[in-house]
Amino acid sequence: MILLSVDNLEVQYGASQALFGVSFTVAEGEVVALMGRNGMGKTTTIHAINRMVPAMGGSITFDGHDLLRLPSFRAARLGLGLVPEGRRCFAPLTVHENLIASARPGHWDFARIVDLFPRLGERRDQKAASLSGGEQQMLAIARALMTNPRLLLLDEATEGLAPVVRQEIWAAIAVLKRESGLAIVVVDKALKELNKIADRAVIIERGKSVWTGEPAGLTADLADRYLGV
């Protein structure tokens with residue numbers, strides 16, 4: 001069953017148009033990688049899905065609901081869980097306070113979060129501002145999971161992290177795919193890791209979706225054309 005459908009999405013910032021026709025779907029339990037060079041519209045697409053920026057054309061449907069008719073908080077209540085670029089944890093709050101502030105009833109509670117990210121259990125009473133960058137990223141993912149979403153949107157979840165921490169994050173995403181049944185959209189550039197977890201990939205180039213398929217079908221020529229520096 002299709003959970004999220006984005007069709008011919010167009011977004012404009014003032015006089016500048018950022019998206020010119022982005023289209024893709026996400027089925028229940030599916031992991032979709034949203035890929036492309038920097039500045040091509042990936043984060044804008046995520047923001048439009050979450051109703052953080054207005055759309056000037058196209059449609060976004062989630063579980064049969066027209067998201068373009070809803071404010072961001074109502075869209076979130078339908079089951080959208082966002083892990084934003086740059087983490088954006090509540091710095092003055094402790095790890096536990098960050099998590100309970102966003103909690104909604106469901107499968108994910110503090111005990112299950114600690115199973116996924118043991119470090120957060122160890123840092124339970126530390127303020128978010130005192131955590132390392134990797135620990136803050138774990139907290140951002142955990143905070144989104146505590147809303148018990150149906151669709152998890154990860155925007156550059158491993159960017160700027162040390163290699164060992166990146167592997168911990170990828171391992172956690174693999175667990176989510178294998179055990180949670182969550183639908184996941186991942187914005188990232190790590191082809192090797194995405195090949196292991198993504199069911200499909202969508203490439204955005206200059207505000208348009210230009211390629212969709214299984215990651216294994218992303219040839220070296222396509223990767224160089226759309227993802228190379």
# chains A, B, ... in the order shown; residues from 1 in each chain; ligands from 1

call {"tool": "select_by_dssp", "arguments": {"residues": "range 64-228 of chain A", "states": "alpha helix (DSSP H)", "output": "JSON, numbers by chain"}}
result
{"A": [72, 73, 74, 75, 76, 77, 95, 96, 97, 98, 99, 100, 101, 110, 111, 112, 113, 114, 115, 116, 118, 119, 120, 121, 122, 133, 134, 135, 136, 137, 138, 139, 140, 141, 142, 143, 144, 145, 163, 164, 165, 166, 167, 168, 169, 170, 171, 172, 173, 174, 175, 176, 177, 178, 179, 191, 192, 193, 194, 195, 196, 197, 220, 221, 222, 223, 224, 225, 226]}

call {"tool": "select_by_dssp", "arguments": {"residues": "range 24-226 of chain A", "states": "strand (DSSP E or B)", "output": "ChimeraX atom specification"}}
result
/A:24-27,31-35,55-62,65-66,80-83,94,127,151-155,183-187,200-205,208-213

call {"tool": "residues_around", "arguments": {"residues": "Val83 in chain A", "least_positions_apart": "5", "cutoff": "9 Å", "atoms": "only C-alpha atoms", "output": "number ranges by chain"}}
result
A: 88, 137, 140-144, 152-157

call {"tool": "residues_around", "arguments": {"residues": "range 22-28 of chain A", "least_positions_apart": "6", "cutoff": "10 Å", "atoms": "only C-alpha atoms", "output": "count of residues only"}}
result
42

call {"tool": "closest_residue", "arguments": {"among": "A:Asp115, A:Gly36, A:Arg74, A:Arg123", "to": "Arg225 in chain A", "atoms": "only C-alpha atoms"}}
result
A:Gly36

call {"tool": "residues_around", "arguments": {"residues": "Pro149 in chain A", "least_positions_apart": "3", "cutoff": "7 Å", "atoms": "only C-alpha atoms", "output": "JSON, numbers by chain"}}
result
{"A": [79, 80, 81, 145, 152]}

call {"tool": "atom_distance", "arguments": {"atom1": "CA of Thr43 in chain A", "atom2": "CA of Lys177 in chain A"}}
result
21.8 Å

call {"tool": "closest_residue", "arguments": {"among": "A:Ile173, A:Leu19, A:Ala198, A:Met146", "to": "His96 in chain A", "atoms": "only C-alpha atoms"}}
result
A:Met146

call {"tool": "atom_distance", "arguments": {"atom1": "CA of Asp109 in chain A", "atom2": "CA of Val95 in chain A"}}
result
13.2 Å

call {"tool": "residues_around", "arguments": {"residues": "Pro71 in chain A", "least_positions_apart": "2", "cutoff": "10 Å", "atoms": "only C-alpha atoms", "output": "PyMOL selection string"}}
result
chain A and resi 50-52+54+67-69+73-76

call {"tool": "write_last_selection", "arguments": {"atoms": "C-alpha atoms", "output": "mmCIF file, in the first residue's frame"}}
result
data_model
loop_
_atom_site.group_PDB
_atom_site.id
_atom_site.type_symbol
_atom_site.label_atom_id
_atom_site.label_comp_id
_atom_site.auth_asym_id
_atom_site.auth_seq_id
_atom_site.Cartn_x
_atom_site.Cartn_y
_atom_site.Cartn_z
ATOM 1 C CA ASN A 50 6.343 18.349 6.636
ATOM 2 C CA ARG A 51 4.494 21.546 5.659
ATOM 3 C CA MET A 52 7.419 23.741 6.708
ATOM 4 C CA PRO A 54 4.347 26.074 1.105
ATOM 5 C CA LEU A 67 -1.074 17.344 3.247
ATOM 6 C CA LEU A 68 -1.182 20.625 1.338
ATOM 7 C CA ARG A 69 -4.434 21.438 3.132
ATOM 8 C CA PHE A 73 1.385 20.224 13.376
ATOM 9 C CA ARG A 74 -1.625 18.403 11.919
ATOM 10 C CA ALA A 75 0.568 16.734 9.299
ATOM 11 C CA ALA A 76 2.905 15.551 12.048
#

call {"tool": "closest_residue", "arguments": {"among": "A:Asn148, A:Thr44, A:Ser72, A:Asn38", "to": "His107 in chain A", "atoms": "only C-alpha atoms"}}
result
A:Asn148
